[in-house]
file my_file-v6.cif (mmCIF, C-alpha atoms)
data_structure
loop_
_atom_site.group_PDB
_atom_site.id
_atom_site.type_symbol
_atom_site.label_atom_id
_atom_site.label_comp_id
_atom_site.auth_asym_id
_atom_site.auth_seq_id
_atom_site.Cartn_x
_atom_site.Cartn_y
_atom_site.Cartn_z
ATOM 1 C CA MET A 1 7.176 5.040 9.958
ATOM 2 C CA ILE A 2 5.186 1.853 10.342
ATOM 3 C CA ASN A 3 7.385 -1.171 9.738
ATOM 4 C CA ASN A 4 7.071 -4.907 9.844
ATOM 5 C CA PRO A 5 10.225 -5.708 11.880
ATOM 6 C CA ASP A 6 10.030 -9.401 10.969
ATOM 7 C CA TRP A 7 10.257 -8.740 7.246
ATOM 8 C CA LEU A 8 13.548 -8.234 5.429
ATOM 9 C CA LYS A 9 14.018 -6.958 1.892
ATOM 10 C CA PRO A 10 15.405 -9.785 -0.219
ATOM 11 C CA ASP A 11 18.871 -9.093 -1.680
ATOM 12 C CA GLU A 12 17.707 -10.070 -5.166
ATOM 13 C CA LYS A 13 14.866 -7.498 -5.094
ATOM 14 C CA PRO A 14 16.174 -4.310 -3.505
ATOM 15 C CA ASP A 15 13.424 -2.198 -5.132
ATOM 16 C CA PHE A 16 10.656 -3.807 -3.111
ATOM 17 C CA HIS A 17 8.317 -2.730 -0.313
ATOM 18 C CA GLN A 18 5.951 -4.981 1.610
ATOM 19 C CA ILE A 19 2.990 -3.119 3.101
ATOM 20 C CA SER A 20 2.888 -3.906 6.806
ATOM 21 C CA PRO A 21 -0.095 -5.547 8.522
ATOM 22 C CA ASP A 22 -0.451 -2.410 10.691
ATOM 23 C CA CYS A 23 -0.831 -0.221 7.622
ATOM 24 C CA ILE A 24 -3.349 -2.581 6.043
ATOM 25 C CA GLU A 25 -5.325 -2.661 9.287
ATOM 26 C CA LYS A 26 -5.463 1.150 9.369
ATOM 27 C CA LEU A 27 -6.573 1.289 5.723
ATOM 28 C CA VAL A 28 -9.281 -1.308 6.438
ATOM 29 C CA GLU A 29 -10.567 0.836 9.323
ATOM 30 C CA CYS A 30 -10.977 3.735 6.894
ATOM 31 C CA MET A 31 -12.723 1.495 4.357
ATOM 32 C CA GLU A 32 -15.202 -0.146 6.738
ATOM 33 C CA SER A 33 -18.040 2.302 6.249
ATOM 34 C CA ILE A 34 -17.475 3.369 2.637
ATOM 35 C CA ASP A 35 -17.781 2.078 -0.895
ATOM 36 C CA ILE A 36 -14.380 2.618 -2.514
ATOM 37 C CA GLU A 37 -16.105 3.868 -5.672
ATOM 38 C CA GLU A 38 -17.752 6.649 -3.628
ATOM 39 C CA MET A 39 -14.821 7.591 -1.368
ATOM 40 C CA ASP A 40 -14.919 11.190 -0.119
ATOM 41 C CA CYS A 41 -11.935 13.559 -0.025
ATOM 42 C CA ASP A 42 -11.465 13.322 3.750
ATOM 43 C CA THR A 43 -11.190 9.523 3.606
ATOM 44 C CA CYS A 44 -8.799 9.717 0.665
ATOM 45 C CA LEU A 45 -6.587 12.200 2.533
ATOM 46 C CA LYS A 46 -6.612 9.990 5.635
ATOM 47 C CA MET A 47 -5.521 7.008 3.548
ATOM 48 C CA GLN A 48 -2.759 9.078 1.976
ATOM 49 C CA GLU A 49 -1.513 10.034 5.468
ATOM 50 C CA ILE A 50 -1.430 6.346 6.424
ATOM 51 C CA LEU A 51 0.601 5.536 3.315
ATOM 52 C CA ILE A 52 2.979 8.457 3.939
ATOM 53 C CA ASP A 53 3.706 7.007 7.394
ATOM 54 C CA GLU A 54 4.246 3.561 5.874
ATOM 55 C CA ILE A 55 6.340 4.115 2.737
ATOM 56 C CA ASP A 56 9.545 6.131 2.894
ATOM 57 C CA ASP A 57 10.515 5.637 -0.768
ATOM 58 C CA PRO A 58 9.044 8.660 -2.664
ATOM 59 C CA GLU A 59 8.612 6.725 -5.919
ATOM 60 C CA PHE A 60 6.760 3.830 -4.260
ATOM 61 C CA LEU A 61 4.679 6.280 -2.211
ATOM 62 C CA GLU A 62 3.624 8.198 -5.314
ATOM 63 C CA PHE A 63 2.694 4.922 -7.029
ATOM 64 C CA ALA A 64 0.614 3.768 -4.039
ATOM 65 C CA ILE A 65 -1.267 7.081 -3.834
ATOM 66 C CA ASP A 66 -1.798 7.308 -7.612
ATOM 67 C CA ASN A 67 -3.117 3.734 -7.627
ATOM 68 C CA LEU A 68 -5.088 3.900 -4.375
ATOM 69 C CA ASN A 69 -8.177 2.252 -5.930
ATOM 70 C CA GLU A 70 -6.108 -0.751 -7.042
ATOM 71 C CA LEU A 71 -4.514 -1.028 -3.584
ATOM 72 C CA LEU A 72 -7.905 -0.829 -1.868
ATOM 73 C CA SER A 73 -9.314 -3.432 -4.259
ATOM 74 C CA CYS A 74 -6.499 -5.808 -3.228
ATOM 75 C CA ILE A 75 -7.345 -5.239 0.436
ATOM 76 C CA GLU A 76 -11.099 -5.494 -0.164
ATOM 77 C CA SER A 77 -10.643 -8.856 -1.899
ATOM 78 C CA GLY A 78 -8.951 -10.205 1.230
ATOM 79 C CA ARG A 79 -5.406 -10.248 -0.122
ATOM 80 C CA VAL A 80 -3.317 -8.869 2.726
ATOM 81 C CA ASN A 81 0.209 -9.855 1.663
ATOM 82 C CA ILE A 82 0.664 -6.829 -0.585
ATOM 83 C CA ARG A 83 3.965 -5.734 -2.042
ATOM 84 C CA ILE A 84 5.020 -2.833 -4.252
ATOM 85 C CA HIS A 85 8.054 -3.429 -6.418
ATOM 86 C CA SER A 86 9.989 -2.127 -9.359
ATOM 87 C CA ASP A 87 10.630 -4.793 -11.990
ATOM 88 C CA VAL A 88 13.715 -5.057 -14.220
ATOM 89 C CA THR A 89 12.244 -2.569 -16.684
ATOM 90 C CA GLY A 90 11.671 -0.041 -13.900
ATOM 91 C CA GLU A 91 7.886 -0.416 -13.966
ATOM 92 C CA ILE A 92 6.354 -0.209 -10.491
ATOM 93 C CA LYS A 93 3.442 -2.496 -9.676
ATOM 94 C CA PHE A 94 1.518 -4.217 -6.898
ATOM 95 C CA GLU A 95 1.767 -7.930 -6.145
ATOM 96 C CA ALA A 96 -0.707 -9.492 -3.745
ATOM 97 C CA ASP A 97 -1.719 -12.905 -2.507
#

call {"tool": "encode", "arguments": {"input": "my_file-v6.cif", "output": "structure tokens"}}
result
Amino acid sequence: MINNPDWLKPDEKPDFHQISPDCIEKLVECMESIDIEEMDCDTCLKMQEILIDEIDDPEFLEFAIDNLNELLSCIESGRVNIRIHSDVTGEIKFEAD
């Protein structure tokens, strides 16, 4: 699993995953030569493999894969501090800055 060893989950937000810079870098490498609106199956599968290596929480992993276009849009816009979290209602979402 790819981890950011310098990042700790905050106690007040245990249902929280920060996507590591290594993972983002690998996703960017996949995106360099494609338009995310025209992504082929091989690229999509490669990105899913990268996310599987990154996220060990099955619920967060499923969310990231199901919302791959939103995740890639965050990366494409230059926002690289990307987090996936479950809010108090249990809804999972991305936060990025």

call {"tool": "residues_around", "arguments": {"input": "my_file-v6.cif", "residues": "region 40-53 of chain A", "least_positions_apart": "5", "cutoff": "12 Å", "atoms": "only C-alpha atoms", "output": "VMD selection string"}}
result
chain A and resid 1 to 3 17 to 20 22 to 35 58 to 69 71 to 72

call {"tool": "atom_distance", "arguments": {"input": "my_file-v6.cif", "atom1": "CA of Ile92 (chain A)", "atom2": "CA of Ser73 (chain A)"}}
result
17.2 Å

call {"tool": "atom_distance", "arguments": {"input": "my_file-v6.cif", "atom1": "CA of Met39 (chain A)", "atom2": "CA of Ser86 (chain A)"}}
result
27.8 Å

call {"tool": "resolve_selection", "arguments": {"input": "my_file-v6.cif", "expression": "the PyMOL selection byres ((chain A and resi 78-83) around 7)", "output": "PyMOL selection string"}}
result
chain A and resi 17-19+74-77+84-85+94-97

call {"tool": "axis_aligned_box", "arguments": {"input": "my_file-v6.cif", "around": "region 39-42 of chain A", "padding_each_side": "3 Å", "output": "lines of an AutoDock Vina configuration file"}}
result
center_x = -13.2
center_y = 10.6
center_z = 1.2
size_x = 9.5
size_y = 12.0
size_z = 11.1
